[in-house]
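> Provided below: target-v4.cif, containing mmCIF, C-alpha atoms and all ligand atoms.
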```
data_my_file
#
loop_
_atom_site.label_atom_id
_atom_site.label_comp_id
_atom_site.auth_asym_id
_atom_site.auth_seq_id
_atom_site.Cartn_x
_atom_site.Cartn_y
_atom_site.Cartn_z
CA MET A 1 28.79 -33.84 -48.05
CA ASN A 2 27.10 -31.81 -45.35
CA GLY A 3 28.16 -29.19 -42.82
CA MET A 4 28.81 -31.72 -40.04
CA GLU A 5 31.05 -33.89 -42.23
CA TRP A 6 32.85 -30.86 -43.62
CA ARG A 7 33.60 -29.44 -40.19
CA LEU A 8 34.62 -32.82 -38.78
CA ARG A 9 37.16 -33.03 -41.60
CA ARG A 10 38.71 -29.79 -40.32
CA ILE A 11 39.36 -31.67 -37.08
CA MET A 12 39.88 -35.34 -38.02
CA LYS A 13 42.36 -35.97 -40.85
CA LYS A 14 40.57 -37.60 -43.77
CA GLU A 15 43.50 -39.92 -44.59
CA THR A 16 43.77 -41.46 -41.10
CA GLY A 17 40.45 -40.66 -39.42
CA ARG A 18 42.52 -39.48 -36.46
CA SER A 19 43.41 -36.12 -34.99
CA LEU A 20 46.13 -34.35 -33.06
CA VAL A 21 44.43 -31.58 -31.10
CA ILE A 22 46.39 -29.33 -28.77
CA ALA A 23 44.44 -28.00 -25.78
CA VAL A 24 45.39 -24.52 -24.60
CA ASP A 25 42.23 -23.68 -22.64
CA HIS A 26 43.68 -24.29 -19.17
CA GLY A 27 44.16 -20.61 -18.28
CA MET A 28 40.40 -20.12 -17.95
CA ALA A 29 40.51 -22.06 -14.67
CA LEU A 30 44.18 -22.23 -13.68
CA GLY A 31 45.41 -18.80 -14.79
CA PRO A 32 48.81 -18.28 -16.44
CA MET A 33 50.96 -21.39 -16.22
CA SER A 34 54.26 -22.70 -17.46
CA GLY A 35 54.05 -23.55 -21.15
CA ILE A 36 51.18 -21.20 -21.96
CA ASN A 37 52.15 -18.05 -20.08
CA ASP A 38 52.96 -16.61 -23.47
CA LEU A 39 50.19 -18.34 -25.38
CA LYS A 40 50.90 -16.54 -28.65
CA GLY A 41 54.52 -17.72 -28.56
CA THR A 42 53.51 -21.33 -27.80
CA VAL A 43 50.91 -21.39 -30.57
CA THR A 44 53.35 -19.90 -33.08
CA ALA A 45 56.09 -22.41 -32.22
CA LEU A 46 53.80 -25.45 -32.32
CA ASP A 47 51.94 -24.29 -35.45
CA ALA A 48 55.30 -24.07 -37.23
CA THR A 49 55.71 -27.85 -36.85
CA GLY A 50 52.73 -28.37 -39.17
CA CYS A 51 51.63 -31.23 -36.87
CA VAL A 52 48.66 -29.63 -35.10
CA ASP A 53 45.34 -30.58 -36.71
CA ALA A 54 43.23 -28.42 -34.39
CA TRP A 55 43.33 -26.32 -31.23
CA LEU A 56 41.02 -26.34 -28.22
CA ILE A 57 40.89 -22.73 -27.04
CA THR A 58 38.69 -20.20 -25.26
CA LYS A 59 37.11 -17.31 -27.14
CA GLY A 60 39.20 -14.75 -25.25
CA MET A 61 42.58 -16.28 -26.01
CA TYR A 62 41.56 -17.03 -29.59
CA THR A 63 40.65 -13.38 -30.06
CA HIS A 64 43.69 -11.85 -28.35
CA SER A 65 46.53 -14.39 -28.42
CA PHE A 66 46.14 -16.65 -31.41
CA GLU A 67 47.89 -16.33 -34.72
CA THR A 68 48.94 -19.10 -37.09
CA ASP A 69 50.45 -19.32 -40.56
CA GLY A 70 48.59 -22.57 -41.17
CA SER A 71 44.82 -23.00 -41.08
CA PRO A 72 44.25 -25.55 -38.33
CA GLY A 73 40.81 -26.48 -37.02
CA ILE A 74 39.44 -24.53 -34.08
CA ILE A 75 37.39 -26.03 -31.26
CA MET A 76 35.90 -23.21 -29.21
CA ARG A 77 35.42 -23.93 -25.53
CA ALA A 78 31.92 -22.88 -24.54
CA SER A 79 31.83 -23.86 -20.88
CA GLY A 80 33.82 -22.56 -17.93
CA ALA A 81 33.38 -19.86 -15.26
CA ALA A 82 35.04 -21.78 -12.42
CA THR A 83 38.59 -21.22 -11.18
CA ILE A 84 40.99 -22.80 -8.72
CA ALA A 85 40.21 -19.92 -6.34
CA GLY A 86 36.51 -20.77 -6.27
CA PRO A 87 34.65 -23.48 -4.37
CA ASP A 88 34.50 -26.14 -7.08
CA LEU A 89 36.13 -26.48 -10.51
CA CYS A 90 33.22 -28.70 -11.58
CA HIS A 91 30.74 -25.86 -11.22
CA GLU A 92 31.01 -24.81 -14.86
CA GLY A 93 28.34 -23.02 -16.82
CA ILE A 94 27.84 -22.11 -20.46
CA THR A 95 30.13 -19.23 -21.47
CA SER A 96 29.58 -18.97 -25.22
CA SER A 97 27.17 -20.07 -27.94
CA VAL A 98 27.36 -21.86 -31.24
CA GLU A 99 26.53 -18.58 -32.96
CA GLU A 100 29.50 -16.87 -31.31
CA ALA A 101 31.75 -19.83 -32.18
CA LEU A 102 30.66 -19.62 -35.81
CA SER A 103 31.14 -15.86 -35.92
CA LEU A 104 34.71 -16.36 -34.67
CA GLY A 105 35.37 -18.94 -37.37
CA ALA A 106 35.41 -22.05 -35.16
CA ASP A 107 34.81 -25.51 -36.60
CA ALA A 108 33.49 -27.14 -33.43
CA VAL A 109 32.38 -26.35 -29.89
CA ALA A 110 33.46 -27.98 -26.61
CA VAL A 111 31.52 -28.27 -23.36
CA SER A 112 32.52 -30.08 -20.14
CA ALA A 113 30.39 -32.43 -18.07
CA PHE A 114 31.59 -33.68 -14.69
CA ILE A 115 30.52 -37.25 -14.13
CA GLY A 116 30.00 -38.24 -10.51
CA SER A 117 30.31 -34.66 -9.27
CA GLU A 118 27.76 -32.52 -7.48
CA PHE A 119 27.29 -30.72 -10.79
CA GLU A 120 26.79 -33.80 -12.95
CA HIS A 121 23.14 -33.04 -13.70
CA GLN A 122 23.60 -29.39 -14.64
CA THR A 123 26.68 -29.99 -16.76
CA LEU A 124 24.99 -32.84 -18.63
CA VAL A 125 21.93 -30.69 -19.28
CA ASP A 126 24.33 -28.02 -20.61
CA THR A 127 26.00 -30.62 -22.85
CA ALA A 128 22.66 -31.83 -24.20
CA ASN A 129 21.38 -28.29 -24.83
CA MET A 130 24.63 -27.30 -26.55
CA ALA A 131 24.41 -30.41 -28.74
CA THR A 132 20.92 -29.36 -29.84
CA ALA A 133 22.14 -25.82 -30.61
CA CYS A 134 25.24 -27.09 -32.46
CA HIS A 135 23.31 -29.59 -34.55
CA ARG A 136 20.98 -26.85 -35.79
CA TYR A 137 24.04 -25.53 -37.68
CA ASN A 138 25.75 -28.90 -38.28
CA VAL A 139 28.54 -27.93 -35.89
CA PRO A 140 30.26 -30.84 -34.08
CA LEU A 141 30.28 -30.87 -30.28
CA LEU A 142 33.29 -32.13 -28.34
CA GLY A 143 32.12 -33.58 -25.02
CA VAL A 144 34.84 -33.02 -22.43
CA MET A 145 34.13 -35.70 -19.85
CA GLY A 146 35.58 -34.53 -16.54
CA LEU A 147 35.33 -35.96 -13.05
CA GLY A 148 34.72 -34.45 -9.66
CA LYS A 149 37.84 -33.91 -7.53
CA THR A 150 36.65 -36.54 -5.07
CA ASN A 151 36.51 -38.96 -8.01
CA GLU A 152 40.15 -38.43 -9.07
CA GLY A 153 40.89 -42.10 -8.32
CA MET A 154 38.24 -43.10 -10.83
CA LYS A 155 40.30 -41.61 -13.69
CA LYS A 156 41.95 -44.99 -13.93
CA ASP A 157 38.77 -47.05 -13.60
CA PRO A 158 37.70 -48.18 -17.08
CA LYS A 159 34.10 -48.78 -15.97
CA PHE A 160 33.76 -45.21 -14.80
CA ILE A 161 35.52 -43.77 -17.86
CA ALA A 162 33.33 -45.91 -20.12
CA LEU A 163 30.28 -44.56 -18.31
CA GLY A 164 31.39 -40.99 -18.97
CA ALA A 165 32.19 -41.56 -22.64
CA ARG A 166 28.88 -43.28 -23.30
CA VAL A 167 26.91 -40.68 -21.35
CA GLY A 168 28.55 -37.86 -23.33
CA ALA A 169 27.59 -39.48 -26.62
CA GLU A 170 24.06 -40.21 -25.36
CA HIS A 171 23.68 -36.49 -24.58
CA GLY A 172 24.66 -35.55 -28.13
CA ALA A 173 28.46 -35.12 -28.25
CA ASP A 174 30.01 -35.97 -31.63
CA ILE A 175 33.52 -36.53 -30.24
CA ILE A 176 34.48 -37.49 -26.68
CA LYS A 177 37.54 -36.35 -24.78
CA THR A 178 38.34 -38.51 -21.77
CA TYR A 179 41.20 -40.04 -19.79
CA TYR A 180 43.22 -43.05 -20.85
CA THR A 181 42.93 -46.09 -18.62
CA GLU A 182 45.84 -48.46 -18.88
CA THR A 183 43.53 -51.45 -18.74
CA ASP A 184 40.39 -52.09 -20.76
CA PHE A 185 40.48 -48.84 -22.71
CA ASP A 186 39.29 -50.87 -25.71
CA LYS A 187 36.05 -51.40 -23.75
CA VAL A 188 35.71 -47.64 -23.25
CA VAL A 189 36.00 -47.18 -27.03
CA ALA A 190 33.71 -50.12 -27.82
CA GLY A 191 30.93 -48.70 -25.66
CA CYS A 192 30.99 -45.27 -27.28
CA PRO A 193 29.54 -44.74 -30.78
CA VAL A 194 31.54 -41.57 -31.54
CA PRO A 195 35.34 -41.03 -31.77
CA VAL A 196 37.12 -41.12 -28.42
CA MET A 197 40.21 -38.94 -27.89
CA ILE A 198 42.42 -38.73 -24.81
CA ALA A 199 43.52 -35.84 -22.65
CA GLY A 200 46.93 -36.09 -21.04
CA GLY A 201 46.31 -34.88 -17.51
CA PRO A 202 49.22 -33.57 -15.42
CA LYS A 203 52.70 -33.84 -16.94
CA CYS A 204 54.08 -37.39 -17.20
CA GLU A 205 57.58 -37.92 -15.84
CA THR A 206 59.17 -38.25 -19.29
CA ASP A 207 58.30 -37.66 -22.93
CA LEU A 208 58.67 -41.39 -23.47
CA ASP A 209 55.86 -41.95 -20.95
CA THR A 210 53.69 -39.56 -22.95
CA LEU A 211 54.44 -41.47 -26.16
CA LYS A 212 53.61 -44.77 -24.45
CA MET A 213 50.29 -43.43 -23.19
CA ILE A 214 49.26 -42.14 -26.62
CA HIS A 215 50.36 -45.34 -28.35
CA GLY A 216 48.39 -47.46 -25.85
CA ALA A 217 45.26 -45.40 -26.43
CA LEU A 218 45.58 -45.62 -30.23
CA GLN A 219 46.09 -49.40 -30.05
CA ASP A 220 42.85 -49.60 -28.10
CA GLY A 221 40.94 -47.62 -30.73
CA ALA A 222 41.26 -43.98 -29.64
CA LYS A 223 41.12 -41.56 -32.55
CA GLY A 224 43.81 -39.25 -31.25
CA ILE A 225 44.52 -36.72 -28.54
CA VAL A 226 43.17 -33.47 -27.15
CA MET A 227 46.23 -32.86 -25.04
CA GLY A 228 47.87 -29.89 -23.37
CA ARG A 229 50.39 -30.06 -20.52
CA ASN A 230 52.26 -33.15 -21.67
CA VAL A 231 53.03 -31.39 -24.94
CA TRP A 232 53.64 -27.74 -24.08
CA GLN A 233 55.28 -28.44 -20.71
CA SER A 234 57.71 -30.87 -22.34
CA PRO A 235 61.33 -29.65 -22.47
CA HIS A 236 61.11 -30.19 -26.26
CA PRO A 237 57.51 -29.48 -27.33
CA ALA A 238 58.14 -29.21 -31.11
CA ALA A 239 60.25 -32.40 -31.21
CA LEU A 240 57.67 -34.24 -29.13
CA LEU A 241 54.89 -33.10 -31.46
CA ALA A 242 56.69 -34.60 -34.45
CA ALA A 243 56.91 -37.92 -32.60
CA VAL A 244 53.27 -37.77 -31.52
CA ASN A 245 52.29 -37.03 -35.11
CA GLY A 246 54.24 -40.15 -36.10
CA LEU A 247 52.20 -42.24 -33.67
CA ILE A 248 48.84 -40.78 -34.64
CA HIS A 249 49.11 -40.35 -38.40
CA GLU A 250 51.95 -42.68 -39.42
CA ASN A 251 51.20 -45.64 -37.15
CA MET A 252 54.70 -45.54 -35.68
CA ALA A 253 55.64 -47.87 -32.86
CA VAL A 254 56.79 -46.25 -29.60
CA LYS A 255 60.44 -47.09 -30.34
CA GLU A 256 60.29 -45.47 -33.77
CA ALA A 257 58.52 -42.38 -32.43
CA ASN A 258 61.06 -42.09 -29.62
CA GLN A 259 63.89 -42.30 -32.15
CA LEU A 260 62.29 -39.49 -34.12
CA LEU A 261 62.00 -37.47 -30.90
CA GLU A 262 65.73 -37.95 -30.20
CA GLU A 263 66.64 -37.02 -33.79
CA LYS A 264 64.56 -33.84 -33.64
CA ILE A 265 66.06 -32.89 -30.27
CA ASN A 266 69.59 -33.36 -31.61
CA SER A 267 69.03 -31.71 -35.00
C1 LIG A 301 41.34 -27.87 -19.25
C2 LIG A 301 40.96 -28.99 -20.14
C3 LIG A 301 42.05 -29.47 -21.01
O1 LIG A 301 41.72 -29.10 -22.31
C4 LIG A 301 42.25 -30.94 -20.97
O2 LIG A 301 42.34 -31.42 -19.66
C5 LIG A 301 43.44 -31.39 -21.83
O3 LIG A 301 44.62 -30.94 -21.32
P1 LIG A 301 45.67 -31.83 -20.53
O4 LIG A 301 46.23 -32.79 -21.55
O5 LIG A 301 46.67 -30.86 -20.04
O6 LIG A 301 44.93 -32.58 -19.44
O7 LIG A 301 39.85 -29.43 -20.21
O8 LIG A 301 40.22 -27.26 -18.74
#
```
What do you get writing this file as structure tokens?
Ligand code: 5RP

Amino acid sequence: MNGMEWRLRRIMKKETGRSLVIAVDHGMALGPMSGINDLKGTVTALDATGCVDAWLITKGMYTHSFETDGSPGIIMRASGAATIAGPDLCHEGITSSVEEALSLGADAVAVSAFIGSEFEHQTLVDTANMATACHRYNVPLLGVMGLGKTNEGMKKDPKFIALGARVGAEHGADIIKTYYTETDFDKVVAGCPVPVMIAGGPKCETDLDTLKMIHGALQDGAKGIVMGRNVWQSPHPAALLAAVNGLIHENMAVKEANQLLEEKINS
């Protein structure tokens, strides 16, 4: 056992090798928003389900608005400093350090890189430097592979998503967060030597769509989710989490998970 393995186990469940991570770091760029306006309330309600393996959160919200009965893993976001009011959301910089993350009790650090954006070079250099700093302490780095706004269409292009996932790993990330592509996502996973997890993006039309997306990604080899809006903006976040947990850790089919969702809603 070593520090890297130990910390990865706080994120990825040993029994399944998969993870259900809830992202609540959106406020750093988007401000207060539905579902995480009252972050403490959201965290408390979702923690009570016992389904959340780890949280992706900023240092500020972790310090002021985070309280759980359980002891989930913590992935501290260490890049940011760009908002929707500014010129470009891709212009992120480093906002924390591995030392600060460790002092706050985090198990891993997350940094974004924006492939194909004007800030691709700088954000990849930041990713690589943070990987070096993290690995000095055996702390895993989550590479959040974003895209420039002008590249939104490319979110669905498996070649482009595969490029981002591979590039993140090449620059030292130990886990990759990226977008699910309905076709050829298995190729995205095959080209990346570290676990690939999916973000959700903007809210799907229905919870069933969210379940289908997660199931598709798992079938193609994803190791779980680092997801926000599709969970905490759902009309039934706790029930949905139980169903998502069924997909990720109990290998449920979509139909079975959807049945569980209905049962939880009606209980
Ligand atoms: C916000 C992020 C989010 O953590 C990420 O996009 C996952 O959330 P969602 O499922 O809502 O897309 O990087 O800055």
> Determine the nearest neighbour of Ser112 of chain A from the options A:Arg166, A:Arg77, A:His64, A:Arg7, counting only C-alpha atoms.
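Closest to Ser112 of chain A of all the choices is A:Arg77.
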> For the interface of chain A with ligand LIG 301 (chain A) (cut-off 7 Å, counting all atoms listed in the file), please tabulate each contacting residue of chain A alongside its nearest pair of atoms and their separation in Å to one decimal, rows sorted by chain and increasing number, as CSV.

```
residue,atom,partner,partner_atom,distance
A:Ala23,CA,A:LIG301,O1,4.5
A:Val24,CA,A:LIG301,O1,6.3
A:Asp25,CA,A:LIG301,O1,5.5
A:His26,CA,A:LIG301,C1,4.3
A:Ala29,CA,A:LIG301,O8,6.6
A:Leu56,CA,A:LIG301,O1,6.6
A:Val144,CA,A:LIG301,O7,6.6
A:Ala199,CA,A:LIG301,O4,4.2
A:Gly200,CA,A:LIG301,O4,3.4
A:Gly201,CA,A:LIG301,O6,3.3
A:Pro202,CA,A:LIG301,O5,5.9
A:Val226,CA,A:LIG301,C5,5.7
A:Met227,CA,A:LIG301,O4,3.5
A:Gly228,CA,A:LIG301,O5,3.7
A:Arg229,CA,A:LIG301,O5,3.8
A:Asn230,CA,A:LIG301,O4,6.0
```
> Skipping near chain neighbours, those fewer than 3 positions away, what residues fall within 10 Å of Thr58 of chain A using all atoms listed in the file, listed as a list in words?
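The filter keeps Ala23, Val24, Asp25, His26, Gly27, Met28, Trp55, Met61, Tyr62, Thr63, Ile74, Ile75, Met76, Arg77, Ala78, Ser79, Gly80, Thr95, Ser96, Ala101, Val109 and Ala110 of chain A.
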> Just give me the gap between atom CA of Ala85 of chain A and atom CA of Gly148 of chain A in Å, one decimal is fine.
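These atoms are spaced 15.9 Å apart.
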> Between atom CA of Ala257 of chain A and atom CA of Ala165 of chain A, what is the distance, to one decimal in Å?
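Between atom CA of Ala257 of chain A and atom CA of Ala165 of chain A the gap is 28.1 Å.
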> Can you list, as a list in words, every protein, DNA or RNA residue that comes within 12 Å of Ala131 of chain A when you count only C-alpha atoms, leaving out same-chain residues fewer than 6 positions away?
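Non-adjacent residues within range: Ala78, Ser97, Val98, Ala108, Val109, Ala110, Val111, Ser112, Leu124, Val125, Tyr137, Asn138, Val139, Pro140, Leu141, Leu142, Gly143, Gly168, Ala169, Glu170, His171, Gly172, Ala173, Asp174 and Ile175 of chain A.
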> Which neighbours of segment 184-190 of chain A fall inside 12 Å, counting all atoms listed in the file, when residues of the same chain fewer than 2 positions from it are skipped, and could you give them as a ChimeraX atom specification?
/A:155-167,169,175-182,192-198,213-224
> Measuring between only C-alpha atoms, which one of A:Thr49, A:Ser71, A:Ser103, A:Asn251 shows the shortest distance to Lys264 of chain A?
A:Thr49
> Could you name the residues that touch segment 116-119 of chain A at 10 Å or less, counting all atoms listed in the file, but leaving out those on the same chain fewer than 6 positions away, as a ChimeraX atom specification?
/A:88-93,146-151,154,160,164
> What is the distance between atom CA of Thr16 of chain A and atom CA of Asp107 of chain A, in Å to one decimal?
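Separation between atom CA of Thr16 of chain A and atom CA of Asp107 of chain A: 18.8 Å.
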> Write out as CSV the residues of segment 51-150 of chain A that have any atom within 12 Å of an atom of segment 243-248 of chain A, one row each with the nearest atom pair and its distance in Å to one decimal, counting all atoms listed in the file, sorted by chain and then rising number.

```
residue,atom,partner,partner_atom,distance
A:Cys51,CA,A:Asn245,CA,6.1
A:Val52,CA,A:Asn245,CA,8.2
A:Asp53,CA,A:Asn245,CA,9.6
```
> Select, from A:Asp38, A:Glu15, A:Asp207, A:Asp126, the residue with the minimum atom-to-atom distance to Ala239 of chain A, counting all atoms listed in the file.
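Of all the options, A:Asp207 lies closest to Ala239 of chain A.
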> So which residues touch His236 of chain A within 9 Å, counting all atoms listed in the file, skipping near sequence neighbours fewer than 4 positions away, as number ranges by chain?
A: 207, 231-232, 240-241, 261, 264-265
